[in-house]
file work-v8.csv (CSV, C-alpha atoms)
chain,number,residue,atom,x,y,z
P,1,MET,CA,3.0,-15.6,12.1
P,2,ARG,CA,3.4,-18.1,9.2
P,3,TYR,CA,0.5,-20.2,7.8
P,4,ARG,CA,1.0,-23.9,7.6
P,5,ARG,CA,-1.4,-26.6,6.3
P,6,PRO,CA,-1.0,-30.3,5.8
P,7,ALA,CA,-0.3,-31.2,2.1
P,8,ALA,CA,-3.3,-33.5,1.9
P,9,LEU,CA,-5.7,-30.8,3.0
P,10,LEU,CA,-4.3,-28.4,0.5
P,11,THR,CA,-4.7,-30.9,-2.3
P,12,VAL,CA,-8.4,-31.4,-1.4
P,13,ALA,CA,-9.0,-27.7,-1.3
P,14,LEU,CA,-7.3,-27.1,-4.6
P,15,ALA,CA,-9.2,-29.9,-6.2
P,16,GLY,CA,-12.5,-28.5,-5.0
P,17,ALA,CA,-11.6,-25.1,-6.4
P,18,LEU,CA,-10.6,-26.5,-9.7
P,19,THR,CA,-13.9,-28.4,-10.0
P,20,LEU,CA,-15.8,-25.2,-9.3
P,21,ALA,CA,-13.7,-23.3,-11.7
P,22,GLY,CA,-14.4,-25.9,-14.4
P,23,CYS,CA,-18.1,-25.6,-13.9
P,24,GLY,CA,-17.9,-21.8,-14.4
P,25,ASP,CA,-15.8,-21.8,-17.5
P,26,GLY,CA,-17.1,-19.5,-20.2
P,27,ASP,CA,-16.0,-17.3,-23.1
P,28,SER,CA,-16.5,-13.6,-23.7
P,29,GLY,CA,-19.9,-14.3,-25.0
P,30,GLY,CA,-21.4,-14.0,-21.5
P,31,LYS,CA,-22.3,-17.4,-19.9
P,32,ASP,CA,-24.2,-17.1,-16.6
P,33,GLY,CA,-22.0,-17.3,-13.5
P,34,ALA,CA,-22.6,-19.4,-10.4
P,35,ASP,CA,-24.4,-16.6,-8.8
P,36,GLY,CA,-26.9,-16.4,-11.7
P,37,THR,CA,-25.6,-13.0,-13.0
P,38,ALA,CA,-24.4,-12.5,-16.6
P,39,GLY,CA,-20.9,-13.9,-16.9
P,40,GLY,CA,-18.3,-13.3,-19.6
P,41,THR,CA,-14.6,-12.8,-19.5
P,42,ARG,CA,-12.0,-10.4,-20.7
P,43,THR,CA,-8.2,-10.7,-21.1
P,44,VAL,CA,-5.6,-8.6,-19.3
P,45,THR,CA,-1.9,-8.6,-19.4
P,46,ASP,CA,-0.1,-8.9,-16.0
P,47,ALA,CA,3.2,-7.4,-14.8
P,48,ASN,CA,5.1,-10.4,-16.2
P,49,GLY,CA,3.5,-9.9,-19.7
P,50,LYS,CA,1.3,-13.0,-19.2
P,51,LYS,CA,-2.2,-12.9,-20.7
P,52,VAL,CA,-4.9,-13.7,-18.0
P,53,GLU,CA,-8.5,-14.3,-18.7
P,54,VAL,CA,-10.5,-12.7,-15.9
P,55,PRO,CA,-14.2,-12.2,-15.2
P,56,ALA,CA,-15.7,-9.2,-16.9
P,57,THR,CA,-17.4,-8.2,-13.7
P,58,PRO,CA,-15.7,-10.0,-10.8
P,59,LYS,CA,-17.8,-10.5,-7.7
P,60,LYS,CA,-15.6,-12.4,-5.3
P,61,VAL,CA,-12.2,-10.7,-5.3
P,62,VAL,CA,-9.2,-11.5,-3.0
P,63,THR,CA,-6.4,-9.0,-2.7
P,64,LEU,CA,-3.1,-10.4,-1.4
P,65,SER,CA,-1.2,-7.1,-0.9
P,66,GLU,CA,-1.7,-3.7,0.6
P,67,PRO,CA,-1.6,-1.9,-2.7
P,68,THR,CA,-4.2,-4.1,-4.4
P,69,LEU,CA,-6.6,-3.9,-1.4
P,70,ASP,CA,-6.0,-0.1,-1.3
P,71,ALA,CA,-6.7,0.2,-5.0
P,72,ALA,CA,-9.8,-2.0,-4.9
P,73,LEU,CA,-11.3,0.0,-2.1
P,74,ALA,CA,-10.6,3.3,-3.8
P,75,LEU,CA,-12.5,2.0,-6.8
P,76,GLY,CA,-15.5,1.0,-4.7
P,77,ALA,CA,-14.8,-2.7,-4.9
P,78,HIS,CA,-15.1,-4.8,-1.7
P,79,PRO,CA,-12.8,-7.8,-1.6
P,80,ILE,CA,-13.9,-10.8,0.3
P,81,GLY,CA,-10.3,-11.7,1.3
P,82,ALA,CA,-7.2,-9.7,2.0
P,83,THR,CA,-3.7,-9.7,3.6
P,84,SER,CA,-2.9,-8.3,7.0
P,85,GLY,CA,-1.0,-5.1,7.2
P,86,ARG,CA,2.7,-5.0,8.2
P,87,GLY,CA,3.0,-5.5,11.9
P,88,GLN,CA,-0.8,-5.8,12.2
P,89,SER,CA,-3.2,-8.7,12.7
P,90,GLY,CA,-5.9,-7.2,10.5
P,91,VAL,CA,-5.8,-5.2,7.3
P,92,ALA,CA,-3.7,-2.0,7.4
P,93,GLY,CA,-5.3,0.3,9.9
P,94,TYR,CA,-6.0,3.1,7.4
P,95,LEU,CA,-7.9,0.7,5.3
P,96,ALA,CA,-9.9,-1.0,8.0
P,97,PRO,CA,-13.0,1.4,7.9
P,98,GLU,CA,-13.5,0.6,4.2
P,99,ALA,CA,-12.4,-3.0,4.2
P,100,GLY,CA,-15.4,-4.1,6.2
P,101,SER,CA,-15.7,-7.9,6.6
P,102,ALA,CA,-12.9,-8.9,4.4
P,103,GLN,CA,-11.3,-12.0,5.8
P,104,ILE,CA,-7.6,-12.3,6.4
P,105,VAL,CA,-6.2,-15.0,4.2
P,106,ALA,CA,-2.5,-14.0,4.1
P,107,ASN,CA,0.2,-12.0,5.6
P,108,VAL,CA,3.1,-10.3,3.8
P,109,ALA,CA,5.1,-13.5,3.9
P,110,GLU,CA,2.6,-16.0,2.5
P,111,PRO,CA,-1.1,-16.8,1.8
P,112,ASP,CA,-3.1,-19.5,3.5
P,113,LEU,CA,-4.0,-21.5,0.3
P,114,ASP,CA,-6.6,-23.7,1.9
P,115,LYS,CA,-8.5,-20.9,3.5
P,116,LEU,CA,-8.3,-18.9,0.2
P,117,ALA,CA,-9.5,-21.8,-1.9
P,118,ALA,CA,-12.5,-22.4,0.5
P,119,MET,CA,-13.7,-18.9,-0.2
P,120,ARG,CA,-14.1,-19.7,-3.9
P,121,PRO,CA,-12.9,-16.4,-5.3
P,122,ASP,CA,-13.4,-15.5,-9.0
P,123,LEU,CA,-10.3,-13.2,-9.1
P,124,ILE,CA,-7.0,-13.0,-7.1
P,125,LEU,CA,-4.9,-9.9,-7.2
P,126,LEU,CA,-1.3,-9.5,-5.9
P,127,ASP,CA,2.0,-7.8,-6.6
P,128,GLU,CA,5.7,-8.3,-5.8
P,129,THR,CA,5.5,-6.6,-2.4
P,130,VAL,CA,4.3,-9.9,-0.8
P,131,GLY,CA,5.5,-13.5,-0.6
P,132,ALA,CA,2.4,-14.7,-2.4
P,133,LYS,CA,4.2,-14.0,-5.6
P,134,ARG,CA,6.2,-17.2,-5.1
P,135,VAL,CA,3.1,-19.4,-5.3
P,136,GLN,CA,1.4,-17.7,-8.1
P,137,ASP,CA,1.1,-20.9,-10.0
P,138,LYS,CA,-0.9,-22.5,-7.1
P,139,LEU,CA,-3.0,-19.4,-6.8
P,140,SER,CA,-3.9,-19.6,-10.5
P,141,ARG,CA,-5.3,-23.1,-9.9
P,142,ILE,CA,-7.8,-21.6,-7.4
P,143,ALA,CA,-8.9,-18.6,-9.5
P,144,PRO,CA,-7.7,-16.3,-12.3
P,145,THR,CA,-4.7,-14.6,-10.8
P,146,VAL,CA,-3.2,-11.2,-11.9
P,147,LEU,CA,0.2,-9.9,-10.8
P,148,THR,CA,-0.5,-6.2,-11.0
P,149,ALA,CA,3.0,-4.7,-10.4
P,150,LYS,CA,6.7,-5.5,-10.0
P,151,LEU,CA,8.6,-4.5,-6.9
P,152,ASN,CA,9.1,-0.7,-6.7
P,153,ALA,CA,6.8,0.0,-9.6
P,154,PRO,CA,5.3,3.5,-9.5
P,155,TRP,CA,2.2,3.4,-7.4
P,156,ARG,CA,0.1,5.0,-10.1
P,157,ASP,CA,1.0,2.3,-12.6
P,158,ALA,CA,0.1,-0.4,-10.0
P,159,PHE,CA,-3.2,1.3,-9.3
P,160,THR,CA,-4.0,1.6,-13.0
P,161,ALA,CA,-3.2,-2.1,-13.5
P,162,THR,CA,-5.4,-3.1,-10.6
P,163,ALA,CA,-8.2,-1.0,-12.0
P,164,ASP,CA,-7.8,-2.7,-15.4
P,165,ALA,CA,-8.0,-6.2,-13.8
P,166,LEU,CA,-11.2,-5.2,-12.0
P,167,GLY,CA,-12.8,-3.8,-15.2
P,168,LYS,CA,-12.6,-0.3,-13.7
P,169,LYS,CA,-9.9,1.4,-15.7
P,170,ALA,CA,-12.0,4.5,-16.5
P,171,ASP,CA,-12.8,4.9,-12.8
P,172,GLY,CA,-9.1,4.6,-11.9
P,173,GLN,CA,-8.3,7.4,-14.3
P,174,LYS,CA,-11.1,9.6,-12.9
P,175,TRP,CA,-9.7,9.0,-9.4
P,176,LEU,CA,-6.2,10.1,-10.5
P,177,THR,CA,-7.5,13.2,-12.2
P,178,SER,CA,-9.3,14.3,-9.1
P,179,PHE,CA,-6.2,13.5,-6.9
P,180,ASP,CA,-3.9,15.5,-9.2
P,181,ALA,CA,-6.3,18.5,-9.1
P,182,ARG,CA,-6.1,18.4,-5.3
P,183,LEU,CA,-2.3,18.1,-5.4
P,184,LYS,CA,-2.2,21.4,-7.4
P,185,THR,CA,-4.5,23.1,-5.0
P,186,VAL,CA,-2.4,22.1,-1.9
P,187,LYS,CA,0.9,23.0,-3.6
P,188,SER,CA,-0.5,26.5,-4.3
P,189,GLU,CA,-1.3,26.8,-0.6
P,190,LEU,CA,2.1,25.9,0.8
P,191,GLY,CA,3.3,29.5,1.1
P,192,PRO,CA,6.5,29.8,3.1
P,193,ASN,CA,6.7,26.0,3.2
P,194,ALA,CA,7.1,25.7,-0.6
P,195,GLU,CA,10.1,23.6,-1.4
P,196,ALA,CA,10.6,22.8,2.3
P,197,VAL,CA,13.0,19.9,3.1
P,198,THR,CA,10.7,17.2,4.3
P,199,SER,CA,12.0,14.1,6.2
P,200,VAL,CA,9.9,10.9,6.6
P,201,ILE,CA,11.0,8.5,9.3
P,202,ARG,CA,9.7,5.3,10.9
P,203,TRP,CA,10.8,5.0,14.6
P,204,GLN,CA,11.3,1.3,15.6
P,205,ASN,CA,13.3,-0.5,18.3
P,206,GLY,CA,14.7,2.8,19.6
P,207,ALA,CA,16.1,4.1,16.3
P,208,PRO,CA,14.9,5.7,13.1
P,209,SER,CA,14.6,4.2,9.6
P,210,VAL,CA,14.2,6.1,6.4
P,211,VAL,CA,10.9,5.4,4.5
P,212,GLY,CA,9.1,6.8,1.6
P,213,LYS,CA,11.9,7.2,-1.0
P,214,GLY,CA,11.6,6.7,-4.7
P,215,LYS,CA,8.3,6.6,-6.7
P,216,GLY,CA,6.1,5.1,-4.0
P,217,HIS,CA,3.1,6.9,-2.7
P,218,VAL,CA,5.1,9.0,-0.2
P,219,GLY,CA,8.0,10.1,-2.4
P,220,ASP,CA,5.8,10.7,-5.4
P,221,THR,CA,3.3,12.8,-3.5
P,222,LEU,CA,6.0,14.9,-1.8
P,223,ALA,CA,7.7,15.5,-5.1
P,224,ALA,CA,4.5,16.5,-6.8
P,225,LEU,CA,4.0,19.1,-4.1
P,226,GLY,CA,7.5,20.5,-4.9
P,227,LEU,CA,8.8,19.5,-1.5
P,228,LYS,CA,12.5,18.5,-1.1
P,229,ARG,CA,14.0,15.6,0.8
P,230,PRO,CA,17.1,15.3,2.9
P,231,GLN,CA,20.1,14.0,1.0
P,232,GLY,CA,19.9,10.6,2.6
P,233,GLN,CA,16.2,10.3,1.5
P,234,GLN,CA,16.8,10.9,-2.2
P,235,GLY,CA,16.9,8.3,-5.0
P,236,GLU,CA,15.4,4.9,-4.9
P,237,SER,CA,15.2,2.8,-1.7
P,238,VAL,CA,17.2,-0.4,-1.3
P,239,GLY,CA,14.4,-1.9,0.8
P,240,HIS,CA,11.1,-1.1,2.4
P,241,SER,CA,13.1,0.9,5.1
P,242,GLU,CA,16.7,1.9,5.6
P,243,PRO,CA,18.0,2.0,9.2
P,244,VAL,CA,19.8,5.1,10.5
P,245,SER,CA,22.3,5.0,13.3
P,246,LEU,CA,21.6,7.2,16.4
P,247,GLU,CA,25.0,8.7,15.8
P,248,ARG,CA,23.7,10.0,12.4
P,249,LEU,CA,20.5,11.7,13.6
P,250,ASP,CA,21.5,14.8,11.8
P,251,THR,CA,20.9,13.1,8.5
P,252,ILE,CA,17.1,12.8,9.2
P,253,ASP,CA,16.7,16.5,9.9
P,254,GLY,CA,14.8,18.9,7.7
P,255,ASP,CA,12.4,21.8,7.8
P,256,TRP,CA,9.7,19.3,8.6
P,257,LEU,CA,9.8,15.8,10.1
P,258,PHE,CA,7.0,13.3,9.7
P,259,LEU,CA,7.5,10.4,12.1
P,260,GLY,CA,5.5,7.2,12.5
P,261,ALA,CA,5.7,3.6,13.6
P,262,LEU,CA,4.4,0.3,12.5
P,263,GLY,CA,0.8,1.0,13.5
P,264,ASP,CA,-1.7,3.8,13.6
P,265,ARG,CA,-1.3,7.5,14.6
P,266,ALA,CA,-1.4,6.6,18.3
P,267,ALA,CA,1.6,4.4,17.7
P,268,GLY,CA,3.3,7.3,15.9
P,269,GLU,CA,2.7,9.6,18.9
P,270,LYS,CA,4.1,7.0,21.2
P,271,ALA,CA,7.2,6.7,19.0
P,272,LEU,CA,7.6,10.4,19.0
P,273,LYS,CA,7.8,10.4,22.8
P,274,GLU,CA,10.4,7.7,22.7
P,275,ALA,CA,12.4,9.6,20.1
P,276,ALA,CA,12.2,12.8,22.2
P,277,ALA,CA,14.1,10.9,25.0
P,278,VAL,CA,17.0,10.1,22.7
P,279,PRO,CA,20.1,12.4,23.1
P,280,ASN,CA,20.5,14.9,20.3
P,281,PHE,CA,17.0,14.4,18.9
P,282,GLY,CA,15.9,17.6,20.6
P,283,LYS,CA,18.6,19.5,18.8
P,284,LEU,CA,17.2,18.7,15.3
P,285,LYS,CA,16.1,21.9,13.5
P,286,ALA,CA,12.6,20.4,12.9
P,287,VAL,CA,12.2,19.6,16.6
P,288,GLU,CA,13.3,23.0,17.7
P,289,LYS,CA,10.8,24.7,15.4
P,290,HIS,CA,8.1,22.3,16.5
P,291,HIS,CA,7.8,21.0,13.0
P,292,VAL,CA,7.5,17.4,13.9
P,293,VAL,CA,4.3,15.5,12.9
P,294,ALA,CA,3.2,12.1,14.3
P,295,ILE,CA,1.7,10.2,11.4
P,296,ASP,CA,-0.4,7.1,10.8
P,297,GLY,CA,2.3,4.6,9.9
P,298,SER,CA,-0.1,2.1,8.6
P,299,ALA,CA,-0.7,4.6,5.7
P,300,TRP,CA,2.7,6.3,5.3
P,301,ASN,CA,4.8,3.1,5.9
P,302,SER,CA,2.6,0.8,3.9
P,303,SER,CA,3.5,-0.5,0.4
P,304,GLY,CA,1.2,2.2,-0.9
P,305,GLY,CA,-1.8,2.8,-3.1
P,306,PRO,CA,-4.2,5.7,-3.9
P,307,LEU,CA,-5.8,5.8,-0.4
P,308,ALA,CA,-2.4,5.8,1.2
P,309,ALA,CA,-1.3,8.7,-1.1
P,310,GLN,CA,-4.5,10.5,-0.1
P,311,ALA,CA,-3.6,10.1,3.6
P,312,VAL,CA,-0.1,11.5,3.0
P,313,LEU,CA,-1.5,14.5,1.1
P,314,THR,CA,-4.1,15.2,3.9
P,315,ASP,CA,-1.4,15.1,6.6
P,316,VAL,CA,0.9,17.4,4.6
P,317,GLU,CA,-1.9,19.8,3.9
P,318,LYS,CA,-2.8,20.0,7.6
P,319,ALA,CA,0.7,20.7,8.6
P,320,LEU,CA,2.2,22.9,5.8
P,321,ALA,CA,-0.6,24.6,3.9
P,322,LYS,CA,-1.6,28.1,4.7
P,323,LYS,CA,-4.7,28.3,7.0
P,324,SER,CA,-7.5,30.4,5.4
call {"tool": "encode", "arguments": {"input": "work-v8.csv", "output": "structure tokens"}}
result
Amino acid sequence: MRYRRPAALLTVALAGALTLAGCGDGDSGGKDGADGTAGGTRTVTDANGKKVEVPATPKKVVTLSEPTLDAALALGAHPIGATSGRGQSGVAGYLAPEAGSAQIVANVAEPDLDKLAAMRPDLILLDETVGAKRVQDKLSRIAPTVLTAKLNAPWRDAFTATADALGKKADGQKWLTSFDARLKTVKSELGPNAEAVTSVIRWQNGAPSVVGKGKGHVGDTLAALGLKRPQGQQGESVGHSEPVSLERLDTIDGDWLFLGALGDRAAGEKALKEAAAVPNFGKLKAVEKHHVVAIDGSAWNSSGGPLAAQAVLTDVEKALAKKS
């Protein structure tokens, strides 16, 4: 689905947003905002090195990517607008319980500028995982807009940048410290699965694709646990996913196989049944050992963030850690 709006309507919406923005201008001295609360601004540097003046305590935040929504929710913020998850009509499934009533104002291809302007946000967050990056100049006419991360940036850096834009940098560091402590605990409990070769696959259109390479939330979490990857899943990814021929199924094998689809865990379970019907899939070492785990693809196959990394860690812990 692609959003389209007549040019005249967009002009009216942007004009209204600019008028509202002009009425709320203030310096770091703390002018009152439109909602009557103490205002004030601070300056952050975005991923392009641009200085952006943002509200000291933003109240109406719009997140235009999965990572920025994920990060905001992890920090206790509740965006009023968000992007739909990949292959989903609403926000990414794993974020839905926390996202609440956030309105969908974009998909991964582009934002609906008119709808977004009508919401009168005081801060817009995005990164290079979405098409909204191409209209950043138009977004900045609606509200202060921060590009939090470049494409393929480490998820931790993207999270920290989002926390900074929200005025919650200390909270972000506290979250990471707690997560790293849990990583150490789970790693110590892997027992015979320590350093296991772990494959991560998205099954789509009758064939597998490699996901979770590099420094994203999947690759980083597995590496932190000391788990290894099949040879074809090492290094940086050339895209969000890398298709694998059915003639090369052996390249996705490992001690453990985590398999998902575009969608929730139920979609992953359905995909696993489809994969089981494919010749030679049953001959994989992971399958023979019953070491295949159907995963929530909305978390594992997302662009990533702290809550997605947390979901990955939880699934790995349940499957590989020693049971007390």
call {"tool": "residues_around", "arguments": {"input": "work-v8.csv", "residues": "stretch 238-243 of chain P", "least_positions_apart": "3", "cutoff": "7 Å", "atoms": "only C-alpha atoms", "output": "ChimeraX atom specification"}}
result
/P:208-211
call {"tool": "write_last_selection", "arguments": {"input": "work-v8.csv", "atoms": "C-alpha atoms", "output": "short mmCIF file (atom, residue, chain, number, x, y, z; two decimals), in the frame of the given file"}}
result
data_model
loop_
_atom_site.label_atom_id
_atom_site.label_comp_id
_atom_site.auth_asym_id
_atom_site.auth_seq_id
_atom_site.Cartn_x
_atom_site.Cartn_y
_atom_site.Cartn_z
CA PRO P 208 14.90 5.70 13.10
CA SER P 209 14.60 4.20 9.60
CA VAL P 210 14.20 6.10 6.40
CA VAL P 211 10.90 5.40 4.50
#
call {"tool": "residues_around", "arguments": {"input": "work-v8.csv", "residues": "P:Leu225", "least_positions_apart": "4", "cutoff": "12 Å", "atoms": "only C-alpha atoms", "output": "PyMOL selection string"}}
result
chain P and resi 179-191+193-198+218-221+229+312-313+316-317+320-321
call {"tool": "residues_around", "arguments": {"input": "work-v8.csv", "residues": "P:Val244", "least_positions_apart": "2", "cutoff": "12 Å", "atoms": "all atoms listed in the file", "output": "tab-separated table (two decimals) with C-alpha atoms, in the frame of the given file"}}
result
chain	number	residue	atom	x	y	z
P	201	ILE	CA	11.00	8.50	9.30
P	202	ARG	CA	9.70	5.30	10.90
P	203	TRP	CA	10.80	5.00	14.60
P	204	GLN	CA	11.30	1.30	15.60
P	205	ASN	CA	13.30	-0.50	18.30
P	206	GLY	CA	14.70	2.80	19.60
P	207	ALA	CA	16.10	4.10	16.30
P	208	PRO	CA	14.90	5.70	13.10
P	209	SER	CA	14.60	4.20	9.60
P	210	VAL	CA	14.20	6.10	6.40
P	211	VAL	CA	10.90	5.40	4.50
P	232	GLY	CA	19.90	10.60	2.60
P	233	GLN	CA	16.20	10.30	1.50
P	241	SER	CA	13.10	0.90	5.10
P	242	GLU	CA	16.70	1.90	5.60
P	246	LEU	CA	21.60	7.20	16.40
P	247	GLU	CA	25.00	8.70	15.80
P	248	ARG	CA	23.70	10.00	12.40
P	249	LEU	CA	20.50	11.70	13.60
P	250	ASP	CA	21.50	14.80	11.80
P	251	THR	CA	20.90	13.10	8.50
P	252	ILE	CA	17.10	12.80	9.20
P	253	ASP	CA	16.70	16.50	9.90
call {"tool": "closest_residue", "arguments": {"input": "work-v8.csv", "among": "P:Ala170, P:Val52, P:Val146, P:Leu307", "to": "P:Ala74", "atoms": "all atoms listed in the file"}}
result
P:Leu307
call {"tool": "residues_around", "arguments": {"input": "work-v8.csv", "residues": "P:Phe159", "least_positions_apart": "3", "cutoff": "9 Å", "atoms": "only C-alpha atoms", "output": "list in words"}}
result
Pro67, Thr68, Asp70, Ala71, Ala72, Thr148, Ala149, Pro154, Trp155, Arg156, Thr162, Ala163, Asp164, Gly172, Gly305 and Pro306 of chain P
call {"tool": "residues_around", "arguments": {"input": "work-v8.csv", "residues": "P:Gly167", "least_positions_apart": "2", "cutoff": "12 Å", "atoms": "all atoms listed in the file", "output": "PDB file with C-alpha atoms, in the frame of the given file"}}
result
ATOM      1  CA  GLY P  40     -18.300 -13.300 -19.600  1.00  0.00           C
ATOM      2  CA  THR P  41     -14.600 -12.800 -19.500  1.00  0.00           C
ATOM      3  CA  ARG P  42     -12.000 -10.400 -20.700  1.00  0.00           C
ATOM      4  CA  THR P  43      -8.200 -10.700 -21.100  1.00  0.00           C
ATOM      5  CA  VAL P  44      -5.600  -8.600 -19.300  1.00  0.00           C
ATOM      6  CA  GLU P  53      -8.500 -14.300 -18.700  1.00  0.00           C
ATOM      7  CA  VAL P  54     -10.500 -12.700 -15.900  1.00  0.00           C
ATOM      8  CA  PRO P  55     -14.200 -12.200 -15.200  1.00  0.00           C
ATOM      9  CA  ALA P  56     -15.700  -9.200 -16.900  1.00  0.00           C
ATOM     10  CA  THR P  57     -17.400  -8.200 -13.700  1.00  0.00           C
ATOM     11  CA  PRO P  58     -15.700 -10.000 -10.800  1.00  0.00           C
ATOM     12  CA  LYS P  59     -17.800 -10.500  -7.700  1.00  0.00           C
ATOM     13  CA  ALA P  72      -9.800  -2.000  -4.900  1.00  0.00           C
ATOM     14  CA  LEU P  75     -12.500   2.000  -6.800  1.00  0.00           C
ATOM     15  CA  GLY P  76     -15.500   1.000  -4.700  1.00  0.00           C
ATOM     16  CA  ALA P  77     -14.800  -2.700  -4.900  1.00  0.00           C
ATOM     17  CA  LEU P 123     -10.300 -13.200  -9.100  1.00  0.00           C
ATOM     18  CA  THR P 160      -4.000   1.600 -13.000  1.00  0.00           C
ATOM     19  CA  ALA P 161      -3.200  -2.100 -13.500  1.00  0.00           C
ATOM     20  CA  THR P 162      -5.400  -3.100 -10.600  1.00  0.00           C
ATOM     21  CA  ALA P 163      -8.200  -1.000 -12.000  1.00  0.00           C
ATOM     22  CA  ASP P 164      -7.800  -2.700 -15.400  1.00  0.00           C
ATOM     23  CA  ALA P 165      -8.000  -6.200 -13.800  1.00  0.00           C
ATOM     24  CA  LYS P 169      -9.900   1.400 -15.700  1.00  0.00           C
ATOM     25  CA  ALA P 170     -12.000   4.500 -16.500  1.00  0.00           C
ATOM     26  CA  ASP P 171     -12.800   4.900 -12.800  1.00  0.00           C
ATOM     27  CA  GLY P 172      -9.100   4.600 -11.900  1.00  0.00           C
TER      28      GLY P 172
END
call {"tool": "closest_residue", "arguments": {"input": "work-v8.csv", "among": "P:Leu147, P:Leu262, P:Ala277, P:Ala286", "to": "P:Ser302", "atoms": "all atoms listed in the file"}}
result
P:Leu262
call {"tool": "closest_residue", "arguments": {"input": "work-v8.csv", "among": "P:Asp255, P:Glu288, P:Asp122, P:Asp157", "to": "P:Ala143", "atoms": "only C-alpha atoms"}}
result
P:Asp122
call {"tool": "closest_residue", "arguments": {"input": "work-v8.csv", "among": "P:Thr83, P:Leu73, P:Gln88, P:Asp114", "to": "P:Gly100", "atoms": "only C-alpha atoms"}}
result
P:Leu73
call {"tool": "closest_residue", "arguments": {"input": "work-v8.csv", "among": "P:Gln136, P:Ser199, P:Ser65, P:Ser84", "to": "P:Ala158", "atoms": "only C-alpha atoms"}}
result
P:Ser65
call {"tool": "closest_residue", "arguments": {"input": "work-v8.csv", "among": "P:Asn280, P:Asn301, P:Gln173, P:Thr145", "to": "P:Leu64", "atoms": "all atoms listed in the file"}}
result
P:Thr145
call {"tool": "atom_distance", "arguments": {"input": "work-v8.csv", "atom1": "atom CA of P:Ala92", "atom2": "atom CA of P:Leu227"}}
result
26.4 Å
call {"tool": "residues_near_point", "arguments": {"input": "work-v8.csv", "point": "(-10.0, -11.5, -2.0)", "cutoff": "6 Å", "atoms": "all atoms listed in the file", "output": "list in words"}}
result
Val61, Val62, Thr63, Pro79, Ile80, Gly81 and Ala82 of chain P
call {"tool": "atom_distance", "arguments": {"input": "work-v8.csv", "atom1": "atom CA of P:Lys115", "atom2": "atom CA of P:Ser101"}}
result
15.2 Å
call {"tool": "atom_distance", "arguments": {"input": "work-v8.csv", "atom1": "atom CA of P:Glu128", "atom2": "atom CA of P:Pro111"}}
result
13.3 Å
